[in-house]
>>> print(open('structure_25.cif').read())   # mmCIF, C-alpha atoms
data_model
#
loop_
_atom_site.group_PDB
_atom_site.id
_atom_site.type_symbol
_atom_site.label_atom_id
_atom_site.label_comp_id
_atom_site.auth_asym_id
_atom_site.auth_seq_id
_atom_site.Cartn_x
_atom_site.Cartn_y
_atom_site.Cartn_z
ATOM 1 C CA MET H 9 63.387 102.149 78.257
ATOM 2 C CA ALA H 10 66.873 100.738 77.701
ATOM 3 C CA PHE H 11 67.944 98.878 80.824
ATOM 4 C CA GLU H 12 71.443 99.398 82.213
ATOM 5 C CA GLU H 13 71.213 97.910 85.710
ATOM 6 C CA ILE H 14 68.646 95.139 85.325
ATOM 7 C CA LEU H 15 67.795 92.447 82.811
ATOM 8 C CA TYR H 16 64.216 91.692 81.814
ATOM 9 C CA THR H 17 63.087 88.581 79.952
ATOM 10 C CA VAL H 18 59.899 86.600 79.522
ATOM 11 C CA GLU H 19 60.150 82.832 79.791
ATOM 12 C CA ASN H 20 57.141 80.497 79.582
ATOM 13 C CA GLY H 21 54.700 82.950 81.116
ATOM 14 C CA VAL H 22 57.185 84.232 83.708
ATOM 15 C CA GLY H 23 58.546 87.771 83.555
ATOM 16 C CA VAL H 24 62.055 87.662 85.009
ATOM 17 C CA ILE H 25 63.617 90.795 86.505
ATOM 18 C CA THR H 26 67.309 90.341 87.293
ATOM 19 C CA LEU H 27 69.175 92.932 89.349
ATOM 20 C CA ASN H 28 72.364 93.260 87.334
ATOM 21 C CA ARG H 29 75.056 95.158 89.225
ATOM 22 C CA PRO H 30 77.175 92.214 90.363
ATOM 23 C CA ALA H 31 80.260 94.415 90.819
ATOM 24 C CA TYR H 32 78.344 96.169 93.614
ATOM 25 C CA ARG H 33 76.527 93.032 94.764
ATOM 26 C CA ASN H 34 73.315 94.450 93.300
ATOM 27 C CA ALA H 35 73.162 97.508 95.520
ATOM 28 C CA GLN H 36 70.015 99.447 94.682
ATOM 29 C CA GLY H 37 70.304 103.020 93.465
ATOM 30 C CA TYR H 38 67.538 105.157 92.016
ATOM 31 C CA ARG H 39 68.323 104.101 88.442
ATOM 32 C CA MET H 40 67.952 100.427 89.310
ATOM 33 C CA LEU H 41 64.674 101.099 91.105
ATOM 34 C CA ASP H 42 63.342 103.063 88.129
ATOM 35 C CA GLU H 43 64.300 100.185 85.855
ATOM 36 C CA ILE H 44 62.683 97.597 88.112
ATOM 37 C CA ASP H 45 59.511 99.666 88.050
ATOM 38 C CA ALA H 46 59.622 99.956 84.261
ATOM 39 C CA ALA H 47 59.984 96.174 84.001
ATOM 40 C CA PHE H 48 56.963 95.694 86.241
ATOM 41 C CA ASP H 49 55.024 98.055 83.970
ATOM 42 C CA LEU H 50 56.007 95.963 80.956
ATOM 43 C CA ALA H 51 54.939 92.787 82.735
ATOM 44 C CA LEU H 52 51.618 94.362 83.665
ATOM 45 C CA ILE H 53 50.550 95.117 80.097
ATOM 46 C CA ASP H 54 51.887 91.865 78.614
ATOM 47 C CA PRO H 55 49.165 89.185 78.623
ATOM 48 C CA ALA H 56 51.842 86.534 78.118
ATOM 49 C CA VAL H 57 53.247 87.321 81.576
ATOM 50 C CA ARG H 58 51.329 85.517 84.319
ATOM 51 C CA VAL H 59 53.952 85.668 87.096
ATOM 52 C CA VAL H 60 56.905 87.972 87.831
ATOM 53 C CA LEU H 61 60.119 86.611 89.335
ATOM 54 C CA VAL H 62 62.794 88.888 90.831
ATOM 55 C CA ARG H 63 66.360 87.678 91.307
ATOM 56 C CA GLY H 64 69.928 88.971 91.473
ATOM 57 C CA ALA H 65 72.901 88.360 89.180
ATOM 58 C CA GLY H 66 76.191 86.946 90.402
ATOM 59 C CA GLY H 67 74.813 84.719 93.140
ATOM 60 C CA VAL H 68 73.640 87.648 95.308
ATOM 61 C CA PHE H 69 70.113 89.001 95.627
ATOM 62 C CA SER H 70 70.954 92.490 96.928
ATOM 63 C CA THR H 71 73.239 93.980 99.564
ATOM 64 C CA GLY H 72 70.839 96.874 100.082
ATOM 65 C CA HIS H 73 70.865 100.547 99.237
ATOM 66 C CA ASP H 74 73.581 102.092 97.098
ATOM 67 C CA LEU H 75 75.126 104.529 99.556
ATOM 68 C CA GLY H 76 77.350 106.485 97.234
ATOM 69 C CA THR H 77 78.802 104.857 94.139
ATOM 70 C CA PRO H 78 79.657 107.461 91.481
ATOM 71 C CA GLU H 79 77.056 106.083 89.080
ATOM 72 C CA ALA H 80 74.275 106.272 91.651
ATOM 73 C CA LEU H 81 75.174 109.797 92.736
ATOM 74 C CA GLU H 82 75.287 110.997 89.135
ATOM 75 C CA TYR H 83 71.877 109.521 88.338
ATOM 76 C CA ARG H 84 70.301 110.922 91.495
ATOM 77 C CA HIS H 85 71.712 114.365 90.700
ATOM 78 C CA SER H 86 70.342 114.127 87.143
ATOM 79 C CA LEU H 87 66.808 113.760 88.513
ATOM 80 C CA GLY H 88 67.038 117.368 89.673
ATOM 81 C CA ALA H 89 65.009 117.232 92.886
ATOM 82 C CA LYS H 90 65.348 120.503 94.762
ATOM 83 C CA PRO H 91 66.038 120.558 98.525
ATOM 84 C CA GLY H 92 62.850 120.481 100.544
ATOM 85 C CA ILE H 93 59.576 118.868 99.553
ATOM 86 C CA GLU H 94 60.896 117.658 96.175
ATOM 87 C CA THR H 95 63.705 115.750 97.877
ATOM 88 C CA TYR H 96 61.246 114.308 100.407
ATOM 89 C CA ASP H 97 58.852 113.217 97.654
ATOM 90 C CA GLN H 98 61.753 111.605 95.807
ATOM 91 C CA PHE H 99 62.890 109.759 98.923
ATOM 92 C CA LYS H 100 59.344 108.572 99.605
ATOM 93 C CA LYS H 101 58.914 107.378 96.020
ATOM 94 C CA TYR H 102 62.015 105.191 96.028
ATOM 95 C CA ASN H 103 61.700 103.877 99.576
ATOM 96 C CA LEU H 104 57.968 103.375 100.025
ATOM 97 C CA ASP H 105 55.697 104.190 97.091
ATOM 98 C CA LEU H 106 57.352 101.903 94.539
ATOM 99 C CA LEU H 107 57.509 99.024 97.011
ATOM 100 C CA LEU H 108 53.818 99.367 97.842
ATOM 101 C CA LYS H 109 53.087 99.496 94.110
ATOM 102 C CA TRP H 110 54.980 96.254 93.574
ATOM 103 C CA ARG H 111 53.359 94.683 96.626
ATOM 104 C CA ASN H 112 49.972 95.432 95.050
ATOM 105 C CA PHE H 113 51.026 94.372 91.536
ATOM 106 C CA PRO H 114 48.014 92.564 90.021
ATOM 107 C CA LYS H 115 49.913 89.375 89.155
ATOM 108 C CA PRO H 116 51.701 86.933 91.494
ATOM 109 C CA THR H 117 55.324 87.777 92.294
ATOM 110 C CA ILE H 118 58.194 85.759 93.684
ATOM 111 C CA ALA H 119 61.635 86.656 94.986
ATOM 112 C CA MET H 120 64.375 84.091 94.345
ATOM 113 C CA VAL H 121 67.069 84.852 96.911
ATOM 114 C CA GLU H 122 70.687 83.746 96.725
ATOM 115 C CA GLY H 123 73.525 85.028 98.865
ATOM 116 C CA TYR H 124 73.013 88.300 100.689
ATOM 117 C CA CYS H 125 69.589 89.874 101.206
ATOM 118 C CA ILE H 126 70.327 92.998 103.242
ATOM 119 C CA TYR H 127 68.071 95.937 104.193
ATOM 120 C CA ALA H 128 66.777 97.210 100.801
ATOM 121 C CA GLY H 129 67.205 93.631 99.608
ATOM 122 C CA TRP H 130 64.878 92.525 102.401
ATOM 123 C CA MET H 131 62.491 95.353 101.451
ATOM 124 C CA LEU H 132 62.348 94.210 97.830
ATOM 125 C CA ALA H 133 61.875 90.556 98.735
ATOM 126 C CA ALA H 134 59.212 91.509 101.288
ATOM 127 C CA ALA H 135 57.214 93.346 98.608
ATOM 128 C CA MET H 136 56.916 90.099 96.645
ATOM 129 C CA ASP H 137 54.173 87.567 97.363
ATOM 130 C CA VAL H 138 56.411 84.544 97.854
ATOM 131 C CA VAL H 139 60.094 84.121 98.761
ATOM 132 C CA PHE H 140 62.163 81.093 97.771
ATOM 133 C CA ALA H 141 65.755 81.019 99.021
ATOM 134 C CA GLY H 142 68.878 79.030 98.398
ATOM 135 C CA ASP H 143 70.446 77.366 101.387
ATOM 136 C CA ASP H 144 73.335 79.832 101.065
ATOM 137 C CA ALA H 145 71.117 82.899 101.527
ATOM 138 C CA GLU H 146 71.704 85.258 104.445
ATOM 139 C CA PHE H 147 69.169 87.857 105.543
ATOM 140 C CA LEU H 148 69.682 91.064 107.490
ATOM 141 C CA ALA H 149 66.743 93.001 108.913
ATOM 142 C CA GLY H 150 67.073 96.516 110.283
ATOM 143 C CA PHE H 151 65.334 99.836 110.833
ATOM 144 C CA VAL H 152 64.475 100.318 107.181
ATOM 145 C CA GLU H 153 62.248 102.730 105.274
ATOM 146 C CA TYR H 154 59.756 100.057 104.160
ATOM 147 C CA MET H 155 59.239 98.648 107.639
ATOM 148 C CA SER H 156 57.371 95.456 106.841
ATOM 149 C CA ILE H 157 59.594 93.423 109.160
ATOM 150 C CA PRO H 158 57.136 93.157 112.109
ATOM 151 C CA TRP H 159 54.593 91.839 109.617
ATOM 152 C CA ASP H 160 57.136 89.549 107.967
ATOM 153 C CA ILE H 161 58.341 87.769 111.103
ATOM 154 C CA GLY H 162 56.308 89.040 114.068
ATOM 155 C CA ILE H 163 56.868 91.867 116.544
ATOM 156 C CA ARG H 164 59.079 90.127 119.109
ATOM 157 C CA ARG H 165 61.312 88.458 116.536
ATOM 158 C CA ALA H 166 61.607 91.750 114.643
ATOM 159 C CA LYS H 167 62.697 93.548 117.817
ATOM 160 C CA GLU H 168 65.255 90.854 118.583
ATOM 161 C CA LEU H 169 66.895 91.027 115.166
ATOM 162 C CA VAL H 170 66.718 94.784 114.605
ATOM 163 C CA PHE H 171 67.998 95.639 118.089
ATOM 164 C CA GLU H 172 70.988 93.304 117.785
ATOM 165 C CA SER H 173 71.663 93.699 114.048
ATOM 166 C CA ARG H 174 72.638 90.199 112.975
ATOM 167 C CA PHE H 175 72.382 87.979 109.937
ATOM 168 C CA ILE H 176 70.037 85.024 109.900
ATOM 169 C CA SER H 177 70.274 81.958 107.685
ATOM 170 C CA ALA H 178 67.736 80.932 105.089
ATOM 171 C CA ASP H 179 66.563 78.182 107.427
ATOM 172 C CA ASP H 180 65.988 80.705 110.214
ATOM 173 C CA ALA H 181 64.194 83.059 107.812
ATOM 174 C CA ALA H 182 61.879 80.191 106.850
ATOM 175 C CA ARG H 183 61.328 79.218 110.479
ATOM 176 C CA TYR H 184 60.439 82.835 111.284
ATOM 177 C CA GLY H 185 57.944 82.943 108.404
ATOM 178 C CA PHE H 186 59.701 85.249 105.920
ATOM 179 C CA VAL H 187 60.848 82.578 103.450
ATOM 180 C CA ASN H 188 58.430 80.072 101.970
ATOM 181 C CA ARG H 189 60.928 77.433 100.858
ATOM 182 C CA VAL H 190 64.653 76.812 101.325
ATOM 183 C CA LEU H 191 66.251 74.826 98.523
ATOM 184 C CA PRO H 192 69.745 73.535 97.829
ATOM 185 C CA LYS H 193 71.605 76.126 95.801
ATOM 186 C CA ALA H 194 71.932 73.715 92.886
ATOM 187 C CA ASP H 195 68.137 73.221 92.795
ATOM 188 C CA LEU H 196 66.956 76.763 93.520
ATOM 189 C CA GLU H 197 66.545 78.039 89.968
ATOM 190 C CA ARG H 198 64.929 74.864 88.647
ATOM 191 C CA GLU H 199 62.443 74.538 91.495
ATOM 192 C CA THR H 200 61.585 78.246 91.649
ATOM 193 C CA PHE H 201 60.864 78.418 87.922
ATOM 194 C CA ALA H 202 58.881 75.176 88.116
ATOM 195 C CA TRP H 203 56.670 76.673 90.843
ATOM 196 C CA ALA H 204 56.247 79.897 88.855
ATOM 197 C CA ARG H 205 55.232 77.969 85.738
ATOM 198 C CA ARG H 206 52.658 76.004 87.726
ATOM 199 C CA VAL H 207 51.201 79.274 89.007
ATOM 200 C CA ALA H 208 51.188 80.616 85.440
ATOM 201 C CA GLU H 209 48.840 77.749 84.506
ATOM 202 C CA ASN H 210 46.199 79.125 86.863
ATOM 203 C CA SER H 211 43.418 81.509 85.889
ATOM 204 C CA PRO H 212 44.649 85.159 85.825
ATOM 205 C CA GLU H 213 41.308 86.242 87.247
ATOM 206 C CA ALA H 214 41.467 83.793 90.134
ATOM 207 C CA LEU H 215 45.068 84.752 90.885
ATOM 208 C CA ARG H 216 44.329 88.464 90.869
ATOM 209 C CA MET H 217 41.281 88.250 93.101
ATOM 210 C CA ALA H 218 42.983 85.870 95.536
ATOM 211 C CA LYS H 219 45.909 88.292 95.860
ATOM 212 C CA ILE H 220 43.549 91.216 96.423
ATOM 213 C CA GLN H 221 41.751 89.266 99.155
ATOM 214 C CA MET H 222 44.960 88.463 101.007
ATOM 215 C CA ASN H 223 46.402 91.966 100.709
ATOM 216 C CA LYS H 224 43.101 93.386 101.953
ATOM 217 C CA ALA H 225 43.262 91.083 104.978
ATOM 218 C CA GLN H 226 46.707 92.446 105.796
ATOM 219 C CA ASP H 227 45.587 96.034 105.220
ATOM 220 C CA ALA H 228 42.626 95.509 107.554
ATOM 221 C CA GLN H 229 45.266 94.926 110.236
ATOM 222 C CA GLY H 230 46.857 98.278 109.396
ATOM 223 C CA PHE H 231 49.759 97.219 107.171
ATOM 224 C CA THR H 232 49.871 100.093 104.682
ATOM 225 C CA GLN H 233 49.096 102.764 107.277
ATOM 226 C CA ALA H 234 51.834 101.425 109.545
ATOM 227 C CA LEU H 235 54.382 101.593 106.719
ATOM 228 C CA GLU H 236 53.354 105.155 105.878
ATOM 229 C CA ASP H 237 53.810 106.163 109.518
ATOM 230 C CA SER H 238 57.125 104.358 109.827
ATOM 231 C CA LEU H 239 58.616 106.226 106.890
ATOM 232 C CA GLY H 240 58.095 109.446 108.832
ATOM 233 C CA ASP H 241 59.987 107.970 111.779
ATOM 234 C CA TYR H 242 62.834 107.014 109.466
ATOM 235 C CA VAL H 243 63.048 110.517 107.999
ATOM 236 C CA ALA H 244 63.045 111.977 111.518
ATOM 237 C CA MET H 245 65.999 109.753 112.418
ATOM 238 C CA MET H 246 67.875 110.825 109.280
ATOM 239 C CA TRP H 247 67.674 114.479 110.280
ATOM 240 C CA MET H 248 68.142 114.013 114.021
ATOM 241 C CA PRO H 249 71.118 116.116 115.130
ATOM 242 C CA GLY H 250 74.199 114.018 115.755
ATOM 243 C CA THR H 251 72.933 110.953 113.886
ATOM 244 C CA GLU H 252 75.721 109.193 111.971
ATOM 245 C CA MET H 253 74.238 106.425 109.883
ATOM 246 C CA GLN H 254 77.288 105.249 107.925
ATOM 247 C CA ALA H 255 80.340 103.547 109.353
ATOM 248 C CA PRO H 256 83.317 105.942 108.976
ATOM 249 C CA GLY H 257 85.235 105.544 105.730
ATOM 250 C CA THR H 258 82.765 103.093 104.218
ATOM 251 C CA ARG H 259 79.633 102.915 102.078
ATOM 252 C CA ARG H 260 78.119 100.692 104.745
ATOM 253 C CA LEU H 261 75.515 101.597 107.341
ATOM 254 C CA HIS H 262 76.775 101.456 110.918
ATOM 255 C CA THR H 263 74.163 98.828 111.798
ATOM 256 C CA VAL H 264 75.132 96.679 108.808
ATOM 257 C CA ASP H 265 78.768 97.001 109.852
ATOM 258 C CA LEU H 266 77.794 95.599 113.261
ATOM 259 C CA ALA H 267 76.204 92.581 111.584
ATOM 260 C CA VAL H 268 79.288 91.993 109.428
ATOM 261 C CA ARG H 269 81.514 92.205 112.497
ATOM 262 C CA GLY H 270 79.210 89.715 114.169
ATOM 263 C CA ARG H 271 79.788 87.231 111.348
ATOM 264 C CA ARG H 272 83.503 87.623 111.955
ATOM 265 C CA GLY H 273 83.087 86.911 115.652
ATOM 266 C CA GLU H 274 84.182 90.451 116.547
ATOM 267 C CA ARG H 275 81.234 91.277 118.807
ATOM 268 C CA PHE H 276 80.662 90.445 122.445
ATOM 269 C CA GLY H 277 79.861 86.823 123.195
ATOM 270 C CA LEU H 278 80.050 85.602 119.609
ATOM 271 C CA PRO H 279 82.421 82.860 118.450
ATOM 272 C CA LYS H 280 85.076 83.552 115.864
ATOM 273 C CA ALA H 281 83.849 82.707 112.372
ATOM 274 C CA GLN H 282 85.855 80.428 110.152
ATOM 275 C CA PRO H 283 87.996 82.399 107.656
ATOM 276 C CA SER H 284 85.843 81.258 104.741
ATOM 277 C CA GLU H 285 82.723 82.576 106.482
ATOM 278 C CA ALA H 286 83.940 86.075 107.307
ATOM 279 C CA SER H 287 83.410 88.963 104.905
#
>>> encode(input="structure_25.cif", output="structure tokens")
Amino acid sequence: MAFEEILYTVENGVGVITLNRPAYRNAQGYRMLDEIDAAFDLALIDPAVRVVLVRGAGGVFSTGHDLGTPEALEYRHSLGAKPGIETYDQFKKYNLDLLLKWRNFPKPTIAMVEGYCIYAGWMLAAAMDVVFAGDDAEFLAGFVEYMSIPWDIGIRRAKELVFESRFISADDAARYGFVNRVLPKADLERETFAWARRVAENSPEALRMAKIQMNKAQDAQGFTQALEDSLGDYVAMMWMPGTEMQAPGTRRLHTVDLAVRGRRGERFGLPKAQPSEAS
């Protein structure tokens, strides 16, 4: 397919998927997710691709779900899902099924995170095997559809972050166990690609079976079943009477708005951020 919202290249055994909506800070709509999936399919059947790397254009990984840009609404409408079970199946596909598919992709995957990694950004990074982050990266966990967060950072830490709704630094994300390596921004691309190329030198058979073993270990603890169950809880919240998920007059979730206000020092007990740090 012709890509409009991602870039896909193959470099020295590494398939590179770049989220390419910098004007919207790489917000993920259904078109982008379809294109990401198509790129993974290309990488799967290409024997030259040993590793897949996912990154974002414009110095930002992803600010999360697209909550209403005209382009995203038009594409979603063009898919033609009817109200009811078709809409549910569509929602499940884009918010759980594709992510589980990418999590179980037969080749090693790596997320290279710069700038913001919010909600659906976290979901996408979490579906990859390894996460490298620049020292400028900021992560925001929340009550998301692909609820891997308790597995990513542990139950008590997940409760702390999701209840409060606050950004954490790349260093904190590494300390909590979500990020493998934090690198200076100037070194991130070089070091991430160097690691990917070293992995690409390994035996495809050994890599595939090692990944299967580790994913099976996680599934033996209930990972996939827990995510399936959690999606139902998310859908129940969406349709709960009186639930208002977006901050008024914005394309930003209320909980994300809380985190942004926290960065500005506008929430109880938090210091005022420096002007250059507020957004």
>>> residues_around(input="structure_25.cif", residues="region 206-216 of chain H", least_positions_apart="2", cutoff="12 Å", atoms="all atoms listed in the file", output="ChimeraX atom specification")
/H:19-23,52,55-61,112-118,137-138,199-204,218-223
>>> resolve_selection(input="structure_25.cif", expression="the PyMOL selection byres ((chain H and resi 34-45) around 6)", output="ChimeraX atom specification")
/H:13,27,29-30,32-33,46-48,70-74,80
>>> closest_residue(input="structure_25.cif", among="H:Leu191, H:Met131, H:Val264, H:Met245", to="Leu104 (chain H)", atoms="all atoms listed in the file")
H:Met131
>>> atom_distance(input="structure_25.cif", atom1="CA of Ala31 (chain H)", atom2="CA of Gly150 (chain H)")
23.6 Å
>>> closest_residue(input="structure_25.cif", among="H:Leu107, H:Arg84, H:Glu122, H:Ala51", to="Gly66 (chain H)", atoms="all atoms listed in the file")
H:Glu122
>>> decode(input="structure_25.cif", residues="region 171-191 of chain H", atoms="N, CA and C atoms", output="compact mmCIF listing (two decimals), in the first residue's frame")
# COMPACT_ATOMS: atom_id res chain seq x y z
N PHE H 171 -3.25 6.67 38.83
CA PHE H 171 -4.15 7.41 39.73
C PHE H 171 -3.86 8.92 39.67
N GLU H 172 -2.56 9.26 39.69
CA GLU H 172 -2.21 10.69 39.74
C GLU H 172 -2.26 11.34 38.37
N SER H 173 -1.88 10.61 37.34
CA SER H 173 -1.75 11.12 35.97
C SER H 173 -0.63 12.15 35.91
N ARG H 174 0.61 11.63 35.78
CA ARG H 174 1.75 12.53 35.69
C ARG H 174 2.82 11.95 34.77
N PHE H 175 3.56 12.84 34.15
CA PHE H 175 4.67 12.45 33.30
C PHE H 175 5.83 11.91 34.13
N ILE H 176 6.56 10.98 33.55
CA ILE H 176 7.81 10.55 34.15
C ILE H 176 8.92 10.72 33.11
N SER H 177 10.12 10.93 33.59
CA SER H 177 11.28 11.12 32.72
C SER H 177 11.74 9.78 32.16
N ALA H 178 12.62 9.85 31.19
CA ALA H 178 13.22 8.63 30.66
C ALA H 178 14.00 7.88 31.74
N ASP H 179 14.69 8.63 32.58
CA ASP H 179 15.44 7.97 33.67
C ASP H 179 14.50 7.24 34.61
N ASP H 180 13.37 7.86 34.96
CA ASP H 180 12.40 7.18 35.81
C ASP H 180 11.83 5.95 35.11
N ALA H 181 11.51 6.08 33.82
CA ALA H 181 10.96 4.95 33.08
C ALA H 181 11.94 3.79 33.04
N ALA H 182 13.24 4.08 32.97
CA ALA H 182 14.24 3.03 33.01
C ALA H 182 14.33 2.43 34.42
N ARG H 183 14.28 3.29 35.42
CA ARG H 183 14.35 2.80 36.80
C ARG H 183 13.16 1.92 37.14
N TYR H 184 12.00 2.23 36.55
CA TYR H 184 10.79 1.44 36.80
C TYR H 184 10.75 0.16 35.96
N GLY H 185 11.64 0.04 34.97
CA GLY H 185 11.72 -1.18 34.19
C GLY H 185 11.07 -1.14 32.82
N PHE H 186 10.54 0.03 32.40
CA PHE H 186 9.89 0.11 31.09
C PHE H 186 10.89 0.35 29.98
N VAL H 187 11.90 1.15 30.23
CA VAL H 187 12.92 1.50 29.24
C VAL H 187 14.18 0.71 29.52
N ASN H 188 14.76 0.16 28.45
CA ASN H 188 16.00 -0.60 28.60
C ASN H 188 17.21 0.29 28.77
N ARG H 189 17.32 1.32 27.89
CA ARG H 189 18.49 2.19 27.95
C ARG H 189 18.06 3.64 27.71
N VAL H 190 18.67 4.55 28.46
CA VAL H 190 18.50 5.99 28.24
C VAL H 190 19.81 6.51 27.68
N LEU H 191 19.71 7.24 26.57
CA LEU H 191 20.90 7.71 25.87
C LEU H 191 20.80 9.21 25.63
